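A.B. asks: My structure is below; once you've seen it, I'll send some questions.
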Amino acid sequence: MNELALYVDDHWVSPYAFSNFVALTEKKLTFDIVEVSLPKKETRKGDYLDRSLTGRVPMLRHGDYFLSESTAINEYLTDAFPYPQHPRIFPADAKERGRARQLMGWIRSDLMPIREERSVSTLFYDQPVKSLSGAGHEEAERLMRVAKALISPDRKTLFAEWCIADADFALVLYRLVKHGHPVEAKVKRYVDANLQRPSVREWIEKKRREFVPY
């Protein structure tokens with residue numbers, strides 16, 4: 001058993017578990033994976049609930065320390081396994097780091113119509129989707145406005161070097177790109193490039209069990 005373990009949903013669809021999986025992989029850390037069932041509400045009872053406090057996935061185990069909430073986990077990994085002994089997952093520049101955190105916080109707290117109408121499970125399972133609602137189109141336009149402002153046509157990362165915000169941002173943009181929503185060429189290039197990153201591919205190509213709604 002490794003000192004580190006990441007608890008993920010057993011369908012491997014959580015965008016938040018995805019973020020921590022990519023962060024751990026990019027940090028070049030060795031870690032175990034523990035799958036928990038959301039349909040069976042395994043996060044809401046027993047040891048998992050006691051250890052995680054919030055009863056959600058993902059959860060990180062580091063020795064006898066347990067931490068949930070993906071943002072807190074990424075921040076903890078940055079502090080516990082610092083540069084230069086381990087690769088960075090946040091930008092070195094304070095202003096770029098602030099922008100990355102702003103973007104990640106926005107993705108986690110907003111864009112609800114997109115999250116509901118373009119569920120992340122549709123990225124990994126063959127599930128039908130309906131046309132976006134009026135609210136969905138409005139949120140898609142908000143997302144595209146941010147993408148156009150942040151994505152440069154001459155690079156495939158938000159900043160000079162890749163950071164964990166690239167993985168998170170590419171995945172939320174992929175909710176639209178996969179289902180044929182029109183995007184600018186630079187946005188499509190950005191999404192495609194980040195989906196080909198080895199740490200991201202490892203998550204995407206995971207062999208998944210049959211989907212059970214929850």
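FYI, nothing fancy with the structure tokens labels: chains A, B, ... in order, residues from 1 per chain, ligands from 1 as they appear.
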DSSP on the backbone: what in stretch 12-147 of chain A comes out strand (DSSP E or B), as an NGL selection string?

C.D. replies: :A and (32-36 or 59-62 or 65-68)

A.B. asks: For stretch 82-93 of chain A, find every residue with an atom within 6 Å (counting only C-alpha atoms), except residues of its own chain fewer than 6 positions away, and show them as JSON, numbers by chain.

C.D. replies: {"A": [27, 163, 164]}

A.B. asks: Mind checking which residues fall within 9 Å of A:Asp168, counting only C-alpha atoms, ignoring those fewer than 6 positions away in the same chain, and posting them as a compact mmCIF listing (two decimals) with N, CA and C atoms, in the first residue's frame?

C.D. replies:
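Written output follows (part-v6.txt):
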# COMPACT_ATOMS: atom_id res chain seq x y z
N PRO A 15 -15.39 15.21 -12.50
CA PRO A 15 -14.37 16.14 -12.99
C PRO A 15 -13.42 16.59 -11.89
N TYR A 16 -13.85 16.46 -10.65
CA TYR A 16 -13.03 16.89 -9.52
C TYR A 16 -12.01 15.80 -9.17
N PHE A 18 -10.99 13.76 -11.41
CA PHE A 18 -10.12 13.90 -12.58
C PHE A 18 -9.01 14.91 -12.32
N SER A 19 -9.36 16.06 -11.77
CA SER A 19 -8.38 17.11 -11.51
C SER A 19 -7.29 16.63 -10.57
N LEU A 103 -10.09 30.82 -12.32
CA LEU A 103 -10.76 30.02 -13.34
C LEU A 103 -11.27 28.70 -12.76
N MET A 104 -10.45 28.05 -11.95
CA MET A 104 -10.85 26.77 -11.37
C MET A 104 -12.00 26.95 -10.38
N ILE A 107 -15.21 27.46 -12.50
CA ILE A 107 -15.68 26.20 -13.09
C ILE A 107 -16.44 25.37 -12.06

A.B. asks: Out of A:Leu195, A:Leu67, A:Ala80, A:Ile114, which residue has the shortest atom-to-atom distance to A:Leu171 when counting only C-alpha atoms?

C.D. replies: A:Leu195

A.B. asks: Can you pull out every residue within 9 Å of A:Phe211, counting only C-alpha atoms, but drop anything in the same chain fewer than 6 positions away, and send it as a list in words?

C.D. replies: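 Listed by chain and then number, they are His11, Ser121 and Tyr125 of chain A.
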
A.B. asks: Include N, CA and C atoms and write out the residues we just selected as a tab-separated table (two decimals), in the first residue's frame.

C.D. replies:
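Output below, filename part.tsv:
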chain	number	residue	atom	x	y	z
A	11	HIS	N	-17.26	5.07	-11.38
A	11	HIS	CA	-17.48	5.22	-12.81
A	11	HIS	C	-16.42	6.10	-13.47
A	121	SER	N	-20.67	12.71	-17.54
A	121	SER	CA	-20.79	11.28	-17.88
A	121	SER	C	-20.96	11.08	-19.38
A	125	TYR	N	-19.38	7.98	-21.58
A	125	TYR	CA	-20.38	6.96	-21.88
A	125	TYR	C	-21.23	7.42	-23.06

A.B. asks: My list of candidates is A:Glu184, A:Thr25, A:Ser68, A:Arg175. Which is closest to A:Phe124 when distances are computed with only C-alpha atoms?

C.D. replies: A:Arg175

A.B. asks: State, in Å with one decimal place, the distance from atom CA of A:Arg201 to atom CA of A:Pro182.

C.D. replies: 23.4 Å

A.B. asks: Could you check the closest approach to A:Trp106 for each of A:Ala185, A:Arg51, A:Leu143, A:Ala149 and tell me which residue wins, using only C-alpha atoms?

C.D. replies: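 Checking each of A:Ala185, A:Arg51, A:Leu143, A:Ala149 against A:Trp106, counting only C-alpha atoms, the winner is A:Leu143.
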